[in-house]
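Read the structure below first, then the notes.
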Amino acid sequence: MRLATWNVNSIRTRVGRVVDFLERSGTDVLALQETKCRDDQFPEEAFHAAGYDVVHHGLSQWNGVAVVSRLPVSDVEVGFPGMPTWGEPAAAEARALGATVDGVRVWSLYVPNGRELDNPHYQYKLDWLAGLRTAAEGWLAADADAPIALVGDWNIAPRDEDVWDIAAFAGATHVSPAEREALAALTEAGFSDVTREHTPGAYTYWDYQRLRFPRNEGMRIDLVLGSPALAARVSGAHIDRDERKGKGASDHVPVVVDLG
DNA sequence: ATGGTAGTGTTACTA
């Protein structure tokens with residue numbers, strides 16, 4: 001099974017690119033983040049025409065997550081148990097969607113950005129990651145052999161080598177010790193980064209501003225974390241850097257994992 | 001000189 005994750009930064013703007021990617025890459029299951037639309041606005045027809053089903057969770061022009069699959073999908077779950085809320089009045093955001101495909105539990109995740117270290121959104125990010133860790137621990141406690149893939153835009157660069165210049169990130173989010181510890185807590189719970197060894201030095205995101213892509217000033221923040229049973233099935237992975245090229249590109253590119 | 005792009009939906013907000 002070929003599994004991929006992609007922060008598309010609006011599915012309505014990029015539906016053609018996404019369907020083209022599915023057909024070109026032979027991806028069976030694609031987790032999407034930042035669809036930026038409500039369920040009733042999602043362009044499902046283009047996916048159906050290509051032979052894919054869609055499960056989507058979107059509440060507004062912000063966030064939005066989906067799982068697109070040409071294999072049968074079951075056990076769809078909106079948000080993870082204990083997922084923190086945001087805003088006034090406090091409400092759950094459209095940042096997590098679980099679905100089972102061919103026995104693999106896939107979670108499409110859009111981790112809060114954090115904005116700045118002194119912004120309340122930063123604490124929300126840390127709380128959200130802590131909640132995810134607790135939920136994920138529970139899934140493995142229920143079944144230690146479950147193949148679980150936690151995929152998406154984590155908005156964290158796990159190591160200094162995952163950004164083009166760590167000095168440029170002094171005092172910034174995405175690289176702070178607390179964020180990295182929150183991610184490491186998931187590793188301690190049994191979920192490992194299954195793409196790193198297959199994609200050395202490759203980035204998954206380049207800001208639209210300041211010629212970041214032509215200069216290859218990017219970040220590796222789109223990650224696939226696998227449970228032990230999932231990690232044991234990974235036969236390869238790659239990052240589709242070409243998807244950042246040309247007019248109408250998302251600022252993120254697909255991360256693709258092959259499961260045996 | 002404090003540098004600017006993209007999307008949604010509206011003159012702001014998010015990333």
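Just remember, in the structure tokens the first chain shown is A, the second B, etc., residues are 1-based per chain, and ligands are 1-based in the order shown.
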Chain B residues near chain A within 8 Å, closest pair each, using only C-alpha atoms (C1' of nucleotides), as a Markdown table:
| residue | atom | partner | partner_atom | distance |
| --- | --- | --- | --- | --- |
| B:DG4 | C1' | A:Gln209 | CA | 5.4 |
| B:DT5 | C1' | A:Tyr208 | CA | 4.9 |
| B:DA6 | C1' | A:Tyr208 | CA | 7.0 |
| B:DG7 | C1' | A:Ser10 | CA | 6.9 |
| B:DT8 | C1' | A:Gln61 | CA | 6.1 |
| B:DT14 | C1' | A:Trp62 | CA | 7.8 |
| B:DA15 | C1' | A:Asn113 | CA | 7.8 |
Backbone DSSP call of strand (DSSP E or B) for segment 20-132 of chain A, listed as a ChimeraX atom specification: /A:29-33,53-57,65-69,73-78,86,91,96-101,104-110
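Relative to atom CA of Arg70 of chain A, atom CA of His48 of chain A is found at 9.1 Å.
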Residue contacts of Ile239 of chain A (9 Å, only C-alpha atoms (C1' of nucleotides)) excluding same-chain residues fewer than 2 positions away, as a short mmCIF file (atom, residue, chain, number, x, y, z; two decimals) with all heavy atoms, in the first residue's frame:
data_model
loop_
_atom_site.label_atom_id
_atom_site.label_comp_id
_atom_site.auth_asym_id
_atom_site.auth_seq_id
_atom_site.Cartn_x
_atom_site.Cartn_y
_atom_site.Cartn_z
N THR A 195 10.14 8.13 7.94
CA THR A 195 10.62 8.60 6.64
C THR A 195 12.04 9.15 6.67
O THR A 195 12.70 9.20 5.64
CB THR A 195 9.69 9.68 6.05
OG1 THR A 195 9.71 10.84 6.89
CG2 THR A 195 8.27 9.15 5.93
N THR A 199 14.83 9.83 3.38
CA THR A 199 14.78 11.16 2.74
C THR A 199 15.82 12.09 3.35
O THR A 199 15.49 13.18 3.81
CB THR A 199 13.37 11.78 2.90
OG1 THR A 199 13.09 11.95 4.31
CG2 THR A 199 12.30 10.91 2.29
N ALA A 202 16.15 16.21 2.99
CA ALA A 202 15.05 16.73 2.17
C ALA A 202 14.07 17.52 3.04
O ALA A 202 13.76 17.12 4.16
CB ALA A 202 14.33 15.59 1.46
N TYR A 203 13.57 18.61 2.49
CA TYR A 203 12.56 19.40 3.16
C TYR A 203 11.17 19.07 2.60
O TYR A 203 11.05 18.52 1.51
CB TYR A 203 12.84 20.89 2.97
CG TYR A 203 14.18 21.35 3.50
CD1 TYR A 203 15.02 22.14 2.72
CD2 TYR A 203 14.60 20.98 4.77
CE1 TYR A 203 16.25 22.56 3.20
CE2 TYR A 203 15.84 21.40 5.26
CZ TYR A 203 16.66 22.19 4.46
OH TYR A 203 17.88 22.60 4.93
N THR A 204 10.14 19.47 3.37
CA THR A 204 8.76 19.24 2.93
C THR A 204 7.98 20.54 2.77
O THR A 204 6.85 20.53 2.30
CB THR A 204 8.00 18.36 3.93
OG1 THR A 204 7.84 19.07 5.16
CG2 THR A 204 8.74 17.05 4.19
N ALA A 237 10.38 5.39 1.29
CA ALA A 237 9.67 6.67 1.42
C ALA A 237 10.37 7.69 0.54
O ALA A 237 11.56 7.58 0.27
CB ALA A 237 9.65 7.15 2.88
N ARG A 241 9.42 16.58 -4.19
CA ARG A 241 9.85 17.98 -4.21
C ARG A 241 9.34 18.74 -5.43
O ARG A 241 9.09 19.96 -5.35
CB ARG A 241 11.38 18.02 -4.19
CG ARG A 241 11.97 19.40 -4.01
CD ARG A 241 13.49 19.34 -3.95
NE ARG A 241 14.04 20.63 -3.56
CZ ARG A 241 14.21 21.65 -4.40
NH1 ARG A 241 13.88 21.54 -5.67
NH2 ARG A 241 14.71 22.79 -3.96
N ASP A 242 9.15 18.05 -6.54
CA ASP A 242 8.71 18.72 -7.76
C ASP A 242 7.34 19.37 -7.60
O ASP A 242 7.00 20.28 -8.35
CB ASP A 242 8.67 17.73 -8.92
CG ASP A 242 10.06 17.35 -9.41
OD1 ASP A 242 11.03 18.00 -8.98
OD2 ASP A 242 10.17 16.41 -10.21
N VAL A 253 4.89 19.90 0.18
CA VAL A 253 4.87 18.86 -0.85
C VAL A 253 4.47 17.52 -0.22
O VAL A 253 4.56 17.34 1.00
CB VAL A 253 6.23 18.72 -1.56
CG1 VAL A 253 6.56 19.97 -2.33
CG2 VAL A 253 7.35 18.36 -0.57
N PRO A 254 4.06 16.56 -1.06
CA PRO A 254 3.66 15.25 -0.52
C PRO A 254 4.85 14.47 0.04
O PRO A 254 5.95 14.48 -0.52
CB PRO A 254 3.08 14.52 -1.75
CG PRO A 254 2.76 15.58 -2.74
CD PRO A 254 3.79 16.66 -2.50
N VAL A 255 4.58 13.78 1.14
CA VAL A 255 5.51 12.81 1.71
C VAL A 255 4.87 11.43 1.50
O VAL A 255 3.73 11.22 1.89
CB VAL A 255 5.75 13.07 3.21
CG1 VAL A 255 6.69 12.01 3.79
CG2 VAL A 255 6.32 14.46 3.43
N VAL A 256 5.61 10.54 0.84
CA VAL A 256 5.06 9.26 0.38
C VAL A 256 5.76 8.11 1.08
O VAL A 256 6.99 8.10 1.17
CB VAL A 256 5.23 9.12 -1.15
CG1 VAL A 256 4.57 7.84 -1.64
CG2 VAL A 256 4.66 10.34 -1.87
N VAL A 257 4.99 7.16 1.57
CA VAL A 257 5.53 5.99 2.27
C VAL A 257 4.98 4.72 1.64
O VAL A 257 3.77 4.63 1.38
CB VAL A 257 5.16 6.03 3.77
CG1 VAL A 257 5.63 4.77 4.48
CG2 VAL A 257 5.74 7.26 4.44
#
Between atom CA of Ala144 of chain A and atom CA of Glu197 of chain A, distance in Å (one decimal): 23.7 Å
Coordinates-based distance that separates atom CA of Arg244 of chain A from atom C1' of DT10 of chain B (Å, one decimal):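 One can read the atom C1' of DT10 of chain B to atom CA of Arg244 of chain A distance as 28.4 Å.
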For Ala94 of chain A: contacts at 10 Å, only C-alpha atoms (C1' of nucleotides), fewer than 2 positions along chain excluded, given as a ChimeraX atom specification: /A:33-36,38,56-60,62-66,78-79,91-92,96-97,109-110
DSSP-assigned alpha helix (DSSP H) among segment 29-143 of chain A, expressed as a ChimeraX atom specification: /A:44-49,120-142
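For Gly260 of chain A, the non-local neighbours within 9 Å, defined as residues at least 6 positions apart in the same chain or in other chains and counting only C-alpha atoms (C1' of nucleotides), are Met1, Arg2, Ala232, Arg233, Val234 and Ser235 of chain A.
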Could you write out the selected residues, including all heavy atoms, as a PDB file, in the first residue's frame?
ATOM      1  N   MET A   1       0.841  -1.188   0.000  1.00  0.00           N
ATOM      2  CA  MET A   1       0.000   0.000   0.000  1.00  0.00           C
ATOM      3  C   MET A   1       0.881   1.243   0.000  1.00  0.00           C
ATOM      4  O   MET A   1       1.848   1.319   0.743  1.00  0.00           O
ATOM      5  CB  MET A   1      -0.888   0.005   1.260  1.00  0.00           C
ATOM      6  CG  MET A   1      -1.864   1.147   1.316  1.00  0.00           C
ATOM      7  SD  MET A   1      -3.038   0.958   2.667  1.00  0.00           S
ATOM      8  CE  MET A   1      -2.240   1.916   3.942  1.00  0.00           C
ATOM      9  N   ARG A   2       0.538   2.174  -0.876  1.00  0.00           N
ATOM     10  CA  ARG A   2       1.273   3.442  -0.914  1.00  0.00           C
ATOM     11  C   ARG A   2       0.447   4.515  -0.203  1.00  0.00           C
ATOM     12  O   ARG A   2      -0.693   4.793  -0.601  1.00  0.00           O
ATOM     13  CB  ARG A   2       1.568   3.831  -2.365  1.00  0.00           C
ATOM     14  CG  ARG A   2       2.248   5.197  -2.513  1.00  0.00           C
ATOM     15  CD  ARG A   2       2.936   5.367  -3.845  1.00  0.00           C
ATOM     16  NE  ARG A   2       4.292   4.805  -3.810  1.00  0.00           N
ATOM     17  CZ  ARG A   2       5.206   5.014  -4.756  1.00  0.00           C
ATOM     18  NH1 ARG A   2       4.918   5.726  -5.833  1.00  0.00           N
ATOM     19  NH2 ARG A   2       6.417   4.484  -4.639  1.00  0.00           N
ATOM     20  N   ALA A 232       7.479  -1.487  10.970  1.00  0.00           N
ATOM     21  CA  ALA A 232       8.069  -2.735  10.469  1.00  0.00           C
ATOM     22  C   ALA A 232       7.682  -3.005   9.021  1.00  0.00           C
ATOM     23  O   ALA A 232       8.343  -3.788   8.338  1.00  0.00           O
ATOM     24  CB  ALA A 232       7.642  -3.899  11.366  1.00  0.00           C
ATOM     25  N   ARG A 233       6.631  -2.361   8.557  1.00  0.00           N
ATOM     26  CA  ARG A 233       6.149  -2.601   7.182  1.00  0.00           C
ATOM     27  C   ARG A 233       6.659  -1.571   6.186  1.00  0.00           C
ATOM     28  O   ARG A 233       6.365  -1.670   4.981  1.00  0.00           O
ATOM     29  CB  ARG A 233       4.622  -2.611   7.175  1.00  0.00           C
ATOM     30  CG  ARG A 233       4.030  -3.882   7.751  1.00  0.00           C
ATOM     31  CD  ARG A 233       2.520  -3.820   7.861  1.00  0.00           C
ATOM     32  NE  ARG A 233       1.858  -3.496   6.597  1.00  0.00           N
ATOM     33  CZ  ARG A 233       0.534  -3.389   6.463  1.00  0.00           C
ATOM     34  NH1 ARG A 233      -0.245  -3.597   7.512  1.00  0.00           N
ATOM     35  NH2 ARG A 233       0.006  -3.091   5.296  1.00  0.00           N
ATOM     36  N   VAL A 234       7.378  -0.560   6.641  1.00  0.00           N
ATOM     37  CA  VAL A 234       7.829   0.497   5.729  1.00  0.00           C
ATOM     38  C   VAL A 234       8.980  -0.030   4.865  1.00  0.00           C
ATOM     39  O   VAL A 234      10.022  -0.421   5.364  1.00  0.00           O
ATOM     40  CB  VAL A 234       8.281   1.743   6.513  1.00  0.00           C
ATOM     41  CG1 VAL A 234       8.890   2.777   5.568  1.00  0.00           C
ATOM     42  CG2 VAL A 234       7.102   2.340   7.275  1.00  0.00           C
ATOM     43  N   SER A 235       8.765  -0.025   3.552  1.00  0.00           N
ATOM     44  CA  SER A 235       9.800  -0.502   2.631  1.00  0.00           C
ATOM     45  C   SER A 235      10.498   0.642   1.921  1.00  0.00           C
ATOM     46  O   SER A 235      11.534   0.441   1.280  1.00  0.00           O
ATOM     47  CB  SER A 235       9.180  -1.455   1.605  1.00  0.00           C
ATOM     48  OG  SER A 235       8.139  -0.815   0.897  1.00  0.00           O
TER      49      SER A 235
END
Surrounding residues of Val224 of chain A excluding itself and chain neighbours under 3 positions, 10 Å, only C-alpha atoms (C1' of nucleotides), as a list of chain:residue names: A:Leu3, A:Ala4, A:Thr5, A:Trp107, A:Ser108, A:Ala149, A:Leu150, A:Val151, A:Gly152, A:Asp153, A:Trp154, A:Phe191, A:Ser192, A:Asp193, A:Val194, A:Thr195, A:Arg196, A:Ile221, A:Ala231, A:Ala237, A:Val255, A:Val256, A:Val257
Among the residues A:Ala99, A:Leu259, A:Ala178, A:Val8, the one that comes closest to Leu126 of chain A [using only C-alpha atoms]: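 Of A:Ala99, A:Leu259, A:Ala178, A:Val8, the one nearest Leu126 of chain A is A:Ala178, counting only C-alpha atoms.
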Residue with smallest distance to Leu117 of chain A - pool A:Asp75, A:Glu179, A:Asp145, A:Asp240, counting only C-alpha atoms: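 Nearest candidate to Leu117 of chain A out of A:Asp75, A:Glu179, A:Asp145, A:Asp240: A:Glu179.
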Near-Ala141 of chain A list (12 Å; only C-alpha atoms (C1' of nucleotides); drop same-chain fewer than 6 positions) as a ChimeraX atom specification: /A:134-135,189-190,227
